[in-house]
file structure_14.tsv (TSV, C-alpha atoms)
chain	number	residue	atom	x	y	z
S	1	MET	CA	-18.97	-28.92	31.10
S	2	LYS	CA	-15.39	-29.05	29.86
S	3	HIS	CA	-16.51	-30.42	26.50
S	4	LEU	CA	-19.12	-27.70	26.10
S	5	LEU	CA	-16.52	-25.01	26.81
S	6	PHE	CA	-14.08	-26.59	24.34
S	7	ILE	CA	-16.76	-26.80	21.61
S	8	THR	CA	-17.77	-23.14	22.04
S	9	LEU	CA	-14.14	-21.98	21.91
S	10	ALA	CA	-13.52	-24.06	18.78
S	11	PHE	CA	-16.66	-22.64	17.15
S	12	LEU	CA	-15.67	-19.06	17.98
S	13	SER	CA	-12.14	-19.53	16.61
S	14	ILE	CA	-13.58	-20.92	13.36
S	15	GLN	CA	-15.91	-17.92	13.13
S	16	LEU	CA	-13.06	-15.45	13.68
S	17	SER	CA	-10.76	-17.10	11.15
S	18	ALA	CA	-13.49	-17.02	8.50
S	19	GLN	CA	-13.85	-13.25	8.85
S	20	GLN	CA	-10.33	-12.36	7.71
S	21	LYS	CA	-10.17	-10.23	4.59
S	22	GLN	CA	-8.49	-11.61	1.52
S	23	PHE	CA	-7.17	-10.27	-1.77
S	24	SER	CA	-9.14	-10.66	-4.97
S	25	LYS	CA	-7.54	-12.28	-8.00
S	26	ASP	CA	-7.27	-10.78	-11.48
S	27	ASP	CA	-7.54	-12.53	-14.86
S	28	ASN	CA	-3.97	-13.86	-14.60
S	29	GLY	CA	-4.48	-15.34	-11.12
S	30	LYS	CA	-2.46	-12.64	-9.36
S	31	PHE	CA	-3.60	-10.83	-6.22
S	32	ILE	CA	-5.06	-7.39	-6.87
S	33	TYR	CA	-6.49	-4.57	-4.78
S	34	TYR	CA	-8.98	-2.83	-7.09
S	35	LYS	CA	-11.27	0.11	-6.29
S	36	VAL	CA	-13.62	2.24	-8.40
S	37	VAL	CA	-14.64	5.52	-6.75
S	38	ASP	CA	-17.48	7.78	-7.86
S	39	SER	CA	-16.29	11.38	-7.73
S	40	GLN	CA	-18.91	13.70	-9.22
S	41	VAL	CA	-17.54	16.77	-7.43
S	42	VAL	CA	-13.99	16.74	-8.85
S	43	ASN	CA	-13.19	16.79	-12.57
S	44	LYS	CA	-10.72	14.56	-14.39
S	45	ASP	CA	-7.83	17.03	-14.65
S	46	THR	CA	-7.93	17.84	-10.94
S	47	LEU	CA	-8.00	14.13	-10.06
S	48	LEU	CA	-4.98	13.53	-12.30
S	49	GLN	CA	-3.04	16.42	-10.72
S	50	ARG	CA	-3.85	15.18	-7.22
S	51	ALA	CA	-2.80	11.62	-8.12
S	52	LYS	CA	0.53	12.92	-9.46
S	53	SER	CA	0.98	14.93	-6.28
S	54	PHE	CA	0.19	11.87	-4.16
S	55	VAL	CA	2.87	9.81	-5.91
S	56	ASN	CA	5.50	12.54	-6.14
S	57	VAL	CA	4.94	14.38	-2.84
S	58	ALA	CA	2.99	12.37	-0.25
S	59	TYR	CA	4.59	8.96	-0.91
S	60	LYS	CA	7.80	10.30	-2.41
S	61	LYS	CA	10.07	8.05	-0.33
S	62	SER	CA	8.31	4.78	-1.12
S	63	MET	CA	6.98	5.28	-4.68
S	64	THR	CA	8.55	6.17	-8.02
S	65	GLN	CA	6.53	7.44	-10.92
S	66	GLU	CA	6.85	5.35	-14.10
S	67	THR	CA	4.61	6.97	-16.74
S	68	ILE	CA	1.90	9.61	-16.98
S	69	THR	CA	-0.69	9.99	-19.73
S	70	ASP	CA	-3.60	12.38	-20.07
S	71	SER	CA	-5.82	10.10	-17.97
S	72	SER	CA	-3.55	7.73	-16.00
S	73	VAL	CA	-0.60	7.51	-13.64
S	74	LEU	CA	1.57	4.41	-13.27
S	75	ALA	CA	4.06	3.98	-10.42
S	76	LYS	CA	6.07	1.36	-8.57
S	77	GLY	CA	6.36	1.29	-4.83
S	78	THR	CA	7.28	-0.61	-1.70
S	79	MET	CA	5.74	-1.02	1.75
S	80	VAL	CA	7.29	-2.41	4.90
S	81	ILE	CA	5.31	-5.30	6.38
S	82	ASP	CA	5.44	-5.37	10.19
S	83	LYS	CA	5.29	-8.34	12.49
S	84	THR	CA	3.70	-7.46	15.81
S	85	ILE	CA	3.99	-9.63	18.88
S	86	LEU	CA	1.84	-8.29	21.71
S	87	VAL	CA	3.09	-4.71	21.99
S	88	ALA	CA	6.53	-4.84	20.36
S	89	GLY	CA	6.88	-5.13	16.62
S	90	HIS	CA	9.56	-5.32	13.98
S	91	PRO	CA	9.60	-5.40	10.17
S	92	SER	CA	9.28	-8.90	8.75
S	93	GLY	CA	9.84	-7.83	5.15
S	94	GLU	CA	8.88	-5.45	2.40
S	95	MET	CA	6.29	-5.73	-0.33
S	96	SER	CA	6.78	-4.24	-3.77
S	97	PHE	CA	3.80	-3.39	-5.96
S	98	ASN	CA	2.68	-1.70	-9.16
S	99	PHE	CA	0.19	1.16	-8.75
S	100	VAL	CA	-2.16	2.18	-11.58
S	101	PHE	CA	-4.56	5.14	-11.50
S	102	GLU	CA	-7.06	5.99	-14.25
S	103	ALA	CA	-9.49	8.91	-14.26
S	104	ARG	CA	-12.62	9.83	-16.18
S	105	ASN	CA	-15.07	12.64	-15.64
S	106	GLY	CA	-17.11	11.74	-12.58
S	107	LYS	CA	-15.14	8.68	-11.44
S	108	TYR	CA	-11.71	7.15	-11.10
S	109	ARG	CA	-10.22	3.76	-10.41
S	110	PHE	CA	-6.96	2.52	-9.02
S	111	TRP	CA	-5.39	-0.82	-8.34
S	112	LEU	CA	-2.28	-2.37	-6.86
S	113	THR	CA	-0.96	-5.55	-8.41
S	114	ASP	CA	2.22	-7.62	-8.88
S	115	LEU	CA	2.65	-7.95	-5.12
S	116	LEU	CA	6.07	-9.40	-4.24
S	117	PHE	CA	7.30	-10.10	-0.71
S	118	ILE	CA	10.99	-9.79	0.21
S	119	PRO	CA	11.77	-11.14	3.71
S	120	TYR	CA	14.00	-9.28	6.18
S	121	GLN	CA	16.56	-10.55	8.65
S	122	ARG	CA	18.83	-8.88	11.17
S	123	ASP	CA	22.33	-8.04	10.08
S	124	ARG	CA	25.33	-8.00	12.39
S	125	TYR	CA	24.54	-4.42	13.47
S	126	GLY	CA	20.99	-5.26	14.55
S	127	ASN	CA	19.29	-3.61	11.56
S	128	PHE	CA	16.62	-5.37	9.53
S	129	VAL	CA	17.78	-5.77	5.90
S	130	ALA	CA	16.46	-7.67	2.90
S	131	THR	CA	17.70	-11.25	2.64
S	132	THR	CA	17.50	-11.23	-1.17
S	133	LYS	CA	16.61	-8.95	-4.06
S	134	ILE	CA	14.18	-11.48	-5.56
S	135	GLY	CA	10.60	-11.21	-4.33
S	136	VAL	CA	8.15	-14.02	-3.71
S	137	PRO	CA	4.65	-13.53	-5.20
S	138	LEU	CA	2.03	-13.23	-2.48
S	139	GLU	CA	-0.32	-15.59	-4.33
S	140	ARG	CA	1.97	-18.60	-3.91
S	141	THR	CA	0.78	-21.38	-1.63
S	142	PRO	CA	3.14	-22.06	1.28
S	143	GLY	CA	4.19	-25.42	2.65
S	144	LYS	CA	2.66	-26.86	5.79
S	145	LEU	CA	5.44	-25.62	8.05
S	146	SER	CA	5.28	-21.97	7.01
S	147	ALA	CA	1.52	-21.69	6.41
S	148	GLY	CA	0.85	-19.82	9.67
S	149	ALA	CA	3.61	-17.27	9.12
S	150	TRP	CA	2.53	-16.74	5.50
S	151	LYS	CA	-1.07	-16.19	6.62
S	152	ASP	CA	0.14	-13.49	9.03
S	153	ILE	CA	2.13	-11.84	6.22
S	154	LEU	CA	-0.94	-11.86	3.95
S	155	ASN	CA	-3.13	-10.31	6.66
S	156	SER	CA	-0.57	-7.61	7.41
S	157	ALA	CA	-0.09	-6.90	3.68
S	158	TYR	CA	-3.84	-6.59	3.14
S	159	ASN	CA	-4.18	-4.20	6.08
S	160	LYS	CA	-1.30	-2.03	4.80
S	161	ILE	CA	-2.74	-1.90	1.28
S	162	GLU	CA	-6.21	-1.11	2.58
S	163	LYS	CA	-4.78	1.78	4.63
S	164	PHE	CA	-2.88	2.95	1.53
S	165	GLY	CA	-6.13	2.89	-0.48
S	166	ASP	CA	-7.97	4.88	2.18
S	167	ASP	CA	-5.16	7.46	2.30
S	168	PHE	CA	-5.27	7.75	-1.49
S	169	LYS	CA	-9.05	8.28	-1.54
S	170	LYS	CA	-8.80	10.94	1.19
S	171	TYR	CA	-5.97	12.68	-0.65
S	172	LEU	CA	-7.98	12.88	-3.87
S	173	ALA	CA	-11.13	14.03	-2.07
S	174	THR	CA	-9.53	16.98	-0.27
S	175	SER	CA	-8.66	20.19	-2.05
S	176	ARG	CA	-5.01	20.56	-1.26
S	177	VAL	CA	-3.03	23.40	-2.67
S	178	GLU	CA	0.65	22.71	-3.17
S	179	ILE	CA	2.77	25.27	-1.42
S	180	THR	CA	5.33	26.68	-3.79
S	181	LYS	CA	8.54	27.68	-2.14
S	182	LYS	CA	9.52	31.26	-2.80
S	183	LYS	CA	13.01	31.82	-4.01
S	184	THR	CA	14.95	33.54	-1.27
S	185	GLU	CA	16.35	36.88	-2.26
S	186	THR	CA	20.03	37.54	-1.93
S	187	ILE	CA	20.83	40.71	-0.09
S	188	SER	CA	23.19	43.03	-1.84
S	189	THR	CA	24.94	45.75	0.12
S	190	LYS	CA	25.95	47.62	-3.04
S	191	LYS	CA	22.37	48.65	-3.98
S	192	TRP	CA	19.99	50.48	-1.72

call {"tool": "encode", "arguments": {"input": "structure_14.tsv", "output": "structure tokens"}}
result
Amino acid sequence: MKHLLFITLAFLSIQLSAQQKQFSKDDNGKFIYYKVVDSQVVNKDTLLQRAKSFVNVAYKKSMTQETITDSSVLAKGTMVIDKTILVAGHPSGEMSFNFVFEARNGKYRFWLTDLLFIPYQRDRYGNFVATTKIGVPLERTPGKLSAGAWKDILNSAYNKIEKFGDDFKKYLATSRVEITKKKTETISTKKW
């Protein structure tokens, strides 16, 4: 009976570990998150304006716009990767990436590539800060000792990027109107 229980638990753990999502690789062997979305309702110019707004307004704190052409937006950004233990969590590092958006009439595509991980550690004040300025590519293979931790970082990074992609698709699908701030009038007591 004990052996049967052990075999079923081992089989279930193998099944669960095989279902984890993984990054695709591009032509250069780097990890990439690539999506093509069919958007027959929205035209190219509107998609481009919404993508610019997403980079410059919605993710203003974590992304910086690099270049804009008549059909594409390029930006660089960072995401904080969290390490969760049961209920409590803390940042384990940050991931920098390059974001590319291209639009045509009826469809658009976007991808995130050049994923670099920068680990965090606590400083003397208890804050989590970067240990170095140099990032480690996510596609590197770890040693035997750190393979489990690296696997957790990859899973967390994939989940964050997938959420980012979903947010981006929702942002482009909705018709948001940017609110322009009215210039406040100065009150003059000399004219009435």

call {"tool": "closest_residue", "arguments": {"input": "structure_14.tsv", "among": "S:Arg104, S:His90, S:Lys163, S:Lys144", "to": "Asn127 (chain S)", "atoms": "only C-alpha atoms"}}
result
S:His90

call {"tool": "residues_around", "arguments": {"input": "structure_14.tsv", "residues": "Ala51 (chain S)", "least_positions_apart": "2", "cutoff": "9 Å", "atoms": "only C-alpha atoms", "output": "JSON, numbers by chain"}}
result
{"S": [46, 47, 48, 49, 53, 54, 55, 56, 72, 73, 101, 168, 171, 172]}

call {"tool": "residues_around", "arguments": {"input": "structure_14.tsv", "residues": "Asp114 (chain S)", "least_positions_apart": "4", "cutoff": "8 Å", "atoms": "all atoms listed in the file", "output": "count of residues only"}}
result
7

call {"tool": "atom_distance", "arguments": {"input": "structure_14.tsv", "atom1": "CA of Lys21 (chain S)", "atom2": "CA of Phe117 (chain S)"}}
result
18.3 Å

call {"tool": "atom_distance", "arguments": {"input": "structure_14.tsv", "atom1": "CA of Leu154 (chain S)", "atom2": "CA of Thr84 (chain S)"}}
result
13.5 Å

call {"tool": "closest_residue", "arguments": {"input": "structure_14.tsv", "among": "S:Val129, S:Val80, S:Ile153, S:Leu112", "to": "Ser24 (chain S)", "atoms": "all atoms listed in the file"}}
result
S:Leu112

call {"tool": "atom_distance", "arguments": {"input": "structure_14.tsv", "atom1": "CA of Ile161 (chain S)", "atom2": "CA of Leu116 (chain S)"}}
result
12.8 Å

call {"tool": "closest_residue", "arguments": {"input": "structure_14.tsv", "among": "S:Val36, S:Val57, S:Ala103, S:Leu115", "to": "Gly77 (chain S)", "atoms": "only C-alpha atoms"}}
result
S:Leu115

call {"tool": "residues_around", "arguments": {"input": "structure_14.tsv", "residues": "Gly106 (chain S)", "least_positions_apart": "3", "cutoff": "12 Å", "atoms": "only C-alpha atoms", "output": "short mmCIF file (atom, residue, chain, number, x, y, z; two decimals) with C-alpha atoms, keeping the file's coordinate frame"}}
result
data_model
loop_
_atom_site.label_atom_id
_atom_site.label_comp_id
_atom_site.auth_asym_id
_atom_site.auth_seq_id
_atom_site.Cartn_x
_atom_site.Cartn_y
_atom_site.Cartn_z
CA VAL S 36 -13.62 2.24 -8.40
CA VAL S 37 -14.64 5.52 -6.75
CA ASP S 38 -17.48 7.78 -7.86
CA SER S 39 -16.29 11.38 -7.73
CA GLN S 40 -18.91 13.70 -9.22
CA VAL S 41 -17.54 16.77 -7.43
CA VAL S 42 -13.99 16.74 -8.85
CA ASN S 43 -13.19 16.79 -12.57
CA LYS S 44 -10.72 14.56 -14.39
CA ASP S 45 -7.83 17.03 -14.65
CA THR S 46 -7.93 17.84 -10.94
CA LEU S 47 -8.00 14.13 -10.06
CA GLU S 102 -7.06 5.99 -14.25
CA ALA S 103 -9.49 8.91 -14.26
CA ARG S 109 -10.22 3.76 -10.41
#

call {"tool": "residues_near_point", "arguments": {"input": "structure_14.tsv", "point": "(6.8, -11.5, -0.1)", "cutoff": "7 Å", "atoms": "only C-alpha atoms", "output": "list in words"}}
result
Glu94, Met95, Leu116, Phe117, Ile118, Pro119, Gly135, Val136, Pro137 and Leu138 of chain S

call {"tool": "closest_residue", "arguments": {"input": "structure_14.tsv", "among": "S:Ala157, S:Ser146, S:Asp26, S:Gly93", "to": "Thr132 (chain S)", "atoms": "only C-alpha atoms"}}
result
S:Gly93

call {"tool": "axis_aligned_box", "arguments": {"input": "structure_14.tsv", "around": "region 73-82 of chain S", "padding_each_side": "4 Å", "output": "lines of an AutoDock Vina configuration file"}}
result
center_x = 3.3
center_y = 1.1
center_z = -1.7
size_x = 15.9
size_y = 20.9
size_z = 31.8
